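K.L.:
my_file39.txt (compact mmCIF, N, CA and C atoms) pasted underneath:
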# COMPACT_ATOMS: atom_id res chain seq x y z
N GLN A 1 24.65 -13.41 183.38
CA GLN A 1 23.63 -13.13 182.37
C GLN A 1 23.18 -11.67 182.47
N VAL A 2 22.85 -11.15 181.32
CA VAL A 2 22.34 -9.78 181.23
C VAL A 2 20.95 -9.85 180.62
N GLN A 3 20.01 -9.21 181.27
CA GLN A 3 18.67 -9.12 180.71
C GLN A 3 18.41 -7.71 180.24
N LEU A 4 17.84 -7.59 179.06
CA LEU A 4 17.57 -6.29 178.47
C LEU A 4 16.08 -6.16 178.18
N VAL A 5 15.51 -5.06 178.59
CA VAL A 5 14.09 -4.82 178.35
C VAL A 5 13.94 -3.50 177.61
N GLU A 6 13.35 -3.58 176.43
CA GLU A 6 13.16 -2.41 175.59
C GLU A 6 11.75 -1.87 175.74
N SER A 7 11.61 -0.60 175.48
CA SER A 7 10.30 0.04 175.48
C SER A 7 10.36 1.28 174.60
N GLY A 8 9.18 1.79 174.26
CA GLY A 8 9.10 3.04 173.53
C GLY A 8 8.76 2.95 172.07
N GLY A 9 8.66 1.74 171.55
CA GLY A 9 8.29 1.61 170.15
C GLY A 9 6.82 1.94 169.94
N GLY A 10 6.41 1.93 168.68
CA GLY A 10 5.02 2.23 168.38
C GLY A 10 4.86 2.77 166.98
N LEU A 11 3.78 3.47 166.79
CA LEU A 11 3.43 4.03 165.49
C LEU A 11 3.69 5.52 165.47
N ALA A 12 4.32 6.00 164.42
CA ALA A 12 4.56 7.42 164.25
C ALA A 12 4.31 7.80 162.81
N GLN A 13 4.00 9.05 162.60
CA GLN A 13 3.87 9.55 161.24
C GLN A 13 5.22 10.01 160.73
N ALA A 14 5.37 10.03 159.44
CA ALA A 14 6.60 10.54 158.85
C ALA A 14 6.86 11.95 159.35
N GLY A 15 8.09 12.20 159.74
CA GLY A 15 8.46 13.48 160.30
C GLY A 15 8.33 13.55 161.81
N GLY A 16 7.74 12.54 162.39
CA GLY A 16 7.53 12.51 163.83
C GLY A 16 8.73 11.97 164.58
N SER A 17 8.53 11.76 165.88
CA SER A 17 9.61 11.33 166.76
C SER A 17 9.14 10.20 167.66
N LEU A 18 10.09 9.37 168.03
CA LEU A 18 9.90 8.34 169.05
C LEU A 18 11.20 8.23 169.84
N ARG A 19 11.06 7.77 171.08
CA ARG A 19 12.23 7.55 171.92
C ARG A 19 12.18 6.13 172.45
N LEU A 20 13.23 5.37 172.14
CA LEU A 20 13.35 4.01 172.63
C LEU A 20 14.24 3.98 173.87
N SER A 21 13.91 3.07 174.78
CA SER A 21 14.72 2.86 175.98
C SER A 21 15.06 1.39 176.10
N CYS A 22 16.20 1.11 176.69
CA CYS A 22 16.62 -0.27 176.93
C CYS A 22 17.31 -0.32 178.28
N ALA A 23 16.69 -1.02 179.21
CA ALA A 23 17.22 -1.12 180.57
C ALA A 23 17.86 -2.49 180.78
N ALA A 24 19.05 -2.48 181.36
CA ALA A 24 19.77 -3.72 181.63
C ALA A 24 19.65 -4.10 183.10
N SER A 25 19.59 -5.40 183.33
CA SER A 25 19.59 -5.91 184.70
C SER A 25 20.37 -7.23 184.70
N GLY A 26 20.60 -7.76 185.89
CA GLY A 26 21.36 -8.99 185.99
C GLY A 26 22.83 -8.70 186.26
N THR A 27 23.72 -9.42 185.63
CA THR A 27 25.16 -9.24 185.82
C THR A 27 25.63 -8.12 184.91
N ILE A 28 25.57 -6.90 185.41
CA ILE A 28 25.82 -5.75 184.56
C ILE A 28 27.23 -5.21 184.72
N PHE A 29 28.01 -5.75 185.67
CA PHE A 29 29.37 -5.28 185.84
C PHE A 29 30.16 -5.62 184.58
N GLY A 30 30.93 -4.65 184.11
CA GLY A 30 31.77 -4.89 182.95
C GLY A 30 31.09 -4.67 181.61
N LEU A 31 29.90 -4.09 181.62
CA LEU A 31 29.24 -3.81 180.35
C LEU A 31 30.07 -2.81 179.55
N SER A 32 30.20 -3.04 178.28
CA SER A 32 30.97 -2.12 177.44
C SER A 32 30.06 -1.46 176.42
N THR A 33 30.36 -1.71 175.17
CA THR A 33 29.61 -1.02 174.11
C THR A 33 28.13 -1.40 174.15
N ARG A 34 27.31 -0.38 173.96
CA ARG A 34 25.86 -0.58 173.89
C ARG A 34 25.38 -0.02 172.56
N GLY A 35 24.37 -0.65 172.01
CA GLY A 35 23.94 -0.19 170.70
C GLY A 35 22.51 -0.54 170.39
N TRP A 36 22.07 0.01 169.27
CA TRP A 36 20.76 -0.28 168.72
C TRP A 36 20.93 -0.82 167.30
N TYR A 37 20.16 -1.84 167.00
CA TYR A 37 20.12 -2.43 165.67
C TYR A 37 18.66 -2.49 165.25
N ARG A 38 18.45 -2.73 163.97
CA ARG A 38 17.07 -2.87 163.50
C ARG A 38 17.01 -3.89 162.38
N GLN A 39 15.83 -4.46 162.24
CA GLN A 39 15.61 -5.45 161.19
C GLN A 39 14.24 -5.22 160.58
N ALA A 40 14.26 -4.89 159.31
CA ALA A 40 13.03 -4.70 158.56
C ALA A 40 12.63 -6.03 157.94
N PRO A 41 11.35 -6.20 157.59
CA PRO A 41 10.90 -7.46 157.00
C PRO A 41 11.69 -7.80 155.75
N GLY A 42 12.19 -9.02 155.69
CA GLY A 42 12.92 -9.47 154.53
C GLY A 42 14.34 -8.97 154.42
N LYS A 43 14.81 -8.25 155.45
CA LYS A 43 16.17 -7.71 155.42
C LYS A 43 16.97 -8.22 156.60
N GLN A 44 18.28 -8.08 156.47
CA GLN A 44 19.16 -8.48 157.56
C GLN A 44 19.16 -7.41 158.66
N ARG A 45 19.49 -7.85 159.85
CA ARG A 45 19.62 -6.91 160.96
C ARG A 45 20.80 -5.98 160.68
N GLU A 46 20.60 -4.71 160.93
CA GLU A 46 21.64 -3.74 160.64
C GLU A 46 21.89 -2.83 161.83
N LEU A 47 23.12 -2.33 161.89
CA LEU A 47 23.50 -1.40 162.94
C LEU A 47 22.78 -0.06 162.76
N VAL A 48 22.29 0.49 163.85
CA VAL A 48 21.72 1.84 163.83
C VAL A 48 22.68 2.81 164.51
N ALA A 49 23.07 2.48 165.75
CA ALA A 49 23.95 3.38 166.50
C ALA A 49 24.58 2.61 167.65
N THR A 50 25.79 3.04 168.02
CA THR A 50 26.45 2.47 169.19
C THR A 50 27.04 3.59 170.03
N ILE A 51 27.27 3.28 171.30
CA ILE A 51 27.92 4.21 172.21
C ILE A 51 28.90 3.41 173.06
N SER A 52 30.13 3.91 173.13
CA SER A 52 31.18 3.20 173.85
C SER A 52 31.18 3.61 175.32
N PRO A 53 31.91 2.89 176.16
CA PRO A 53 32.01 3.29 177.56
C PRO A 53 32.54 4.71 177.73
N ALA A 54 33.36 5.16 176.79
CA ALA A 54 33.90 6.53 176.86
C ALA A 54 32.91 7.56 176.35
N GLY A 55 31.79 7.09 175.80
CA GLY A 55 30.79 8.02 175.29
C GLY A 55 30.92 8.32 173.81
N ASN A 56 31.82 7.62 173.14
CA ASN A 56 31.95 7.82 171.70
C ASN A 56 30.78 7.16 170.99
N THR A 57 30.22 7.88 170.02
CA THR A 57 29.04 7.37 169.32
C THR A 57 29.36 7.08 167.86
N ASN A 58 28.58 6.19 167.31
CA ASN A 58 28.72 5.80 165.91
C ASN A 58 27.32 5.58 165.36
N TYR A 59 27.08 6.09 164.14
CA TYR A 59 25.75 6.00 163.55
C TYR A 59 25.82 5.45 162.13
N ALA A 60 24.77 4.76 161.75
CA ALA A 60 24.60 4.40 160.35
C ALA A 60 24.37 5.67 159.55
N ASP A 61 24.85 5.69 158.33
CA ASP A 61 24.70 6.89 157.50
C ASP A 61 23.23 7.28 157.34
N SER A 62 22.37 6.28 157.30
CA SER A 62 20.95 6.54 157.04
C SER A 62 20.25 7.27 158.18
N VAL A 63 20.86 7.29 159.38
CA VAL A 63 20.21 7.93 160.52
C VAL A 63 20.98 9.12 161.06
N LYS A 64 22.15 9.38 160.52
CA LYS A 64 22.95 10.50 161.01
C LYS A 64 22.17 11.80 160.90
N GLY A 65 22.25 12.58 161.97
CA GLY A 65 21.56 13.85 162.00
C GLY A 65 20.09 13.75 162.40
N ARG A 66 19.57 12.53 162.49
CA ARG A 66 18.17 12.35 162.87
C ARG A 66 18.02 11.58 164.18
N PHE A 67 18.89 10.63 164.41
CA PHE A 67 18.83 9.78 165.61
C PHE A 67 19.97 10.15 166.55
N THR A 68 19.71 10.01 167.85
CA THR A 68 20.73 10.26 168.85
C THR A 68 20.70 9.15 169.89
N ILE A 69 21.86 8.52 170.10
CA ILE A 69 21.99 7.50 171.13
C ILE A 69 22.58 8.15 172.38
N SER A 70 22.07 7.76 173.52
CA SER A 70 22.60 8.28 174.78
C SER A 70 22.43 7.21 175.85
N ARG A 71 22.99 7.46 177.02
CA ARG A 71 22.91 6.45 178.07
C ARG A 71 22.81 7.14 179.43
N ASP A 72 22.29 6.39 180.37
CA ASP A 72 22.26 6.81 181.77
C ASP A 72 22.90 5.67 182.54
N ASN A 73 24.16 5.84 182.91
CA ASN A 73 24.89 4.76 183.57
C ASN A 73 24.28 4.40 184.92
N ALA A 74 23.75 5.37 185.61
CA ALA A 74 23.16 5.11 186.92
C ALA A 74 21.94 4.20 186.81
N LYS A 75 21.26 4.29 185.69
CA LYS A 75 20.06 3.47 185.47
C LYS A 75 20.34 2.27 184.57
N ASN A 76 21.60 2.13 184.12
CA ASN A 76 21.97 1.04 183.19
C ASN A 76 21.02 1.00 182.01
N THR A 77 20.78 2.18 181.47
CA THR A 77 19.81 2.32 180.39
C THR A 77 20.44 3.05 179.22
N VAL A 78 20.09 2.63 178.04
CA VAL A 78 20.52 3.31 176.82
C VAL A 78 19.26 3.75 176.08
N TYR A 79 19.35 4.88 175.44
CA TYR A 79 18.21 5.47 174.76
C TYR A 79 18.52 5.68 173.27
N LEU A 80 17.47 5.74 172.48
CA LEU A 80 17.60 6.12 171.08
C LEU A 80 16.50 7.12 170.77
N GLN A 81 16.88 8.38 170.64
CA GLN A 81 15.93 9.42 170.25
C GLN A 81 15.88 9.46 168.73
N MET A 82 14.70 9.25 168.19
CA MET A 82 14.54 9.18 166.74
C MET A 82 13.65 10.34 166.29
N ASN A 83 14.23 11.24 165.52
CA ASN A 83 13.50 12.40 164.99
C ASN A 83 13.42 12.31 163.48
N SER A 84 12.55 13.11 162.92
CA SER A 84 12.38 13.15 161.46
C SER A 84 12.23 11.75 160.89
N LEU A 85 11.37 10.97 161.50
CA LEU A 85 11.21 9.58 161.10
C LEU A 85 10.70 9.46 159.67
N ARG A 86 11.12 8.40 159.03
CA ARG A 86 10.74 8.11 157.65
C ARG A 86 10.12 6.71 157.58
N PRO A 87 9.29 6.47 156.58
CA PRO A 87 8.75 5.10 156.43
C PRO A 87 9.84 4.05 156.36
N ALA A 88 11.00 4.40 155.80
CA ALA A 88 12.12 3.45 155.69
C ALA A 88 12.70 3.08 157.05
N ASP A 89 12.34 3.82 158.09
CA ASP A 89 12.80 3.48 159.45
C ASP A 89 11.95 2.39 160.09
N THR A 90 10.89 1.99 159.42
CA THR A 90 10.03 0.93 159.96
C THR A 90 10.80 -0.37 160.10
N ALA A 91 10.81 -0.91 161.30
CA ALA A 91 11.57 -2.13 161.58
C ALA A 91 11.34 -2.53 163.04
N VAL A 92 11.84 -3.71 163.37
CA VAL A 92 11.94 -4.09 164.78
C VAL A 92 13.31 -3.62 165.26
N TYR A 93 13.32 -2.88 166.34
CA TYR A 93 14.56 -2.33 166.89
C TYR A 93 14.99 -3.16 168.10
N TYR A 94 16.28 -3.50 168.10
CA TYR A 94 16.85 -4.33 169.16
C TYR A 94 17.99 -3.57 169.83
N CYS A 95 18.05 -3.64 171.15
CA CYS A 95 19.23 -3.11 171.81
C CYS A 95 20.22 -4.25 172.03
N ASN A 96 21.47 -3.87 172.13
CA ASN A 96 22.56 -4.84 172.27
C ASN A 96 23.57 -4.29 173.26
N PHE A 97 23.86 -5.09 174.28
CA PHE A 97 24.91 -4.73 175.24
C PHE A 97 25.99 -5.79 175.14
N VAL A 98 27.22 -5.37 175.20
CA VAL A 98 28.35 -6.29 175.16
C VAL A 98 28.99 -6.38 176.54
N ARG A 99 29.23 -7.59 177.00
CA ARG A 99 29.90 -7.82 178.27
C ARG A 99 30.90 -8.95 178.10
N ASN A 100 32.14 -8.64 178.37
CA ASN A 100 33.21 -9.64 178.23
C ASN A 100 33.19 -10.28 176.85
N GLY A 101 32.95 -9.48 175.86
CA GLY A 101 33.00 -9.97 174.50
C GLY A 101 31.75 -10.71 174.04
N ILE A 102 30.77 -10.81 174.91
CA ILE A 102 29.53 -11.50 174.55
C ILE A 102 28.42 -10.46 174.36
N GLY A 103 27.69 -10.58 173.28
CA GLY A 103 26.60 -9.65 173.01
C GLY A 103 25.28 -10.18 173.53
N TYR A 104 24.55 -9.33 174.19
CA TYR A 104 23.23 -9.67 174.70
C TYR A 104 22.19 -8.82 173.98
N TRP A 105 21.05 -9.43 173.68
CA TRP A 105 20.02 -8.77 172.89
C TRP A 105 18.73 -8.62 173.68
N GLY A 106 18.04 -7.52 173.42
CA GLY A 106 16.69 -7.37 173.92
C GLY A 106 15.72 -8.13 173.05
N GLN A 107 14.46 -8.09 173.43
CA GLN A 107 13.44 -8.86 172.71
C GLN A 107 12.96 -8.15 171.46
N GLY A 108 13.31 -6.89 171.32
CA GLY A 108 12.89 -6.13 170.15
C GLY A 108 11.63 -5.33 170.39
N THR A 109 11.56 -4.18 169.77
CA THR A 109 10.36 -3.35 169.85
C THR A 109 10.04 -2.83 168.46
N GLN A 110 8.79 -2.92 168.08
CA GLN A 110 8.37 -2.55 166.73
C GLN A 110 8.23 -1.04 166.59
N VAL A 111 8.81 -0.52 165.54
CA VAL A 111 8.63 0.89 165.17
C VAL A 111 8.03 0.91 163.78
N THR A 112 6.89 1.55 163.64
CA THR A 112 6.22 1.66 162.36
C THR A 112 5.99 3.13 162.04
N VAL A 113 6.46 3.54 160.88
CA VAL A 113 6.33 4.94 160.46
C VAL A 113 5.43 4.98 159.23
N SER A 114 4.35 5.71 159.35
CA SER A 114 3.41 5.82 158.24
C SER A 114 3.68 7.09 157.43
N SER A 115 3.40 7.00 156.15
CA SER A 115 3.65 8.15 155.26
C SER A 115 2.46 9.07 155.21
Please lay out the structure from this file as C-alpha cells.

P.N.:
Amino acid sequence: QVQLVESGGGLAQAGGSLRLSCAASGTIFGLSTRGWYRQAPGKQRELVATISPAGNTNYADSVKGRFTISRDNAKNTVYLQMNSLRPADTAVYYCNFVRNGIGYWGQGTQVTVSS
C-alpha cells in the first residue's frame, strides 16, 4: 500500500502563486509516474501534470507555462508550483502515484483562486 499526504492548498488571488506538496509513505519501492489531477465542482477529474521516473513532464494545455511539476526522490515527494493563478484553476487537487500499474490517490487539497 502507498499512502499519499497532500499539503499546500488554500486561497490565492488571481495572479498569485501556491505550491502543493505530496509525500508518499508505505510500500514505495517501484513507484513510477507521479502526477497531479484536479476536479472542479460539477466537472470530471482532469490531468494537470505528470512526471515520469526519467523526469519527463507532461502538462495540460491550460496550465502550460504557469505550473511546474517536480519531485524529490529522497523525500518521496512530488510538488506542483502554480503561478499566475486564475479563477478557473479553482478545484480540489489530487496527487497520484502509480506502482505496479496501480494508481494511488491522495485525499485532495482545495485550491481557491479569487478574482

K.L.:
Would you please give, as a PyMOL selection string, all residues of chain A that DSSP assigns to strand (DSSP E or B) based on the backbone?

P.N.:
chain A and resi 2-7+10-13+18-26+31-39+46-51+57-59+67-72+77-82+91-99+102-105+109-114

K.L.:
What separation in Å, quoted to one decimal, exists between atom C of Arg66 in chain A and atom C of Pro53 in chain A?

P.N.:
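Distance between the two atoms: 21.0 Å.
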
K.L.:
How many Å separate atom N of Asp72 in chain A from atom N of Val92 in chain A?

P.N.:
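Going from atom N of Asp72 in chain A over to atom N of Val92 in chain A, I get 22.4 Å.
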
K.L.:
Which residues of range 7-35 of chain A sit at most 8 Å from range 101-107 of chain A, using only N, CA and C atoms? Give each one's shortest atom pair and distance in Å (one decimal place), in chain and ascending residue order, as a Markdown table.

P.N.:
| residue | atom | partner | partner_atom | distance |
| --- | --- | --- | --- | --- |
| A:Cys22 | CA | A:Gly106 | CA | 7.7 |
| A:Gly30 | C | A:Gly101 | N | 7.7 |
| A:Ser32 | N | A:Gly101 | N | 7.4 |

K.L.:
Rank A:Ser21, A:Gln39, A:Gln1, A:Thr112 by their smallest atom-to-atom distance to Tyr79 in chain A, using only C-alpha atoms, and report the top residue only.

P.N.:
A:Ser21

K.L.:
So that each row is one residue of range 44-98 of chain A with an atom at most 9 Å from range 4-15 of chain A, can you give its shortest atom pair and the distance in Å to one decimal, using only C-alpha atoms, rows by chain and rising number, as CSV?

P.N.:
residue,atom,partner,partner_atom,distance
A:Asn83,CA,A:Gly15,CA,7.0
A:Ser84,CA,A:Gly15,CA,4.1
A:Leu85,CA,A:Gly15,CA,4.8
A:Arg86,CA,A:Ala14,CA,4.9
A:Pro87,CA,A:Ala14,CA,6.3
A:Val92,CA,A:Gly9,CA,8.6
A:Tyr93,CA,A:Gly9,CA,8.1
A:Tyr94,CA,A:Glu6,CA,7.7
A:Cys95,CA,A:Glu6,CA,7.2
A:Asn96,CA,A:Leu4,CA,8.1
A:Phe97,CA,A:Leu4,CA,8.2

K.L.:
Would you mind telling me which residue in A:Val98, A:Ala60, A:Ile28, A:Ala23 lies nearest to Asn76 in chain A when using only N, CA and C atoms?

P.N.:
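Counting only N, CA and C atoms, the residue closest to Asn76 in chain A is A:Ala23.
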
K.L.:
Within 5 Å of Met82 in chain A, counting all atoms listed in the file, which residues qualify if same-chain residues fewer than 5 places away don't, as a list in words?

P.N.:
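Here the answer would be Ser17, Leu18, Arg19, Arg66 and Phe67 of chain A.
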
K.L.:
Can you measure CA of Ala49 in chain A to CA of Gly65 in chain A for me? One decimal in Å is fine.

P.N.:
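Computed distance, CA of Ala49 in chain A to CA of Gly65 in chain A, equals 11.6 Å.
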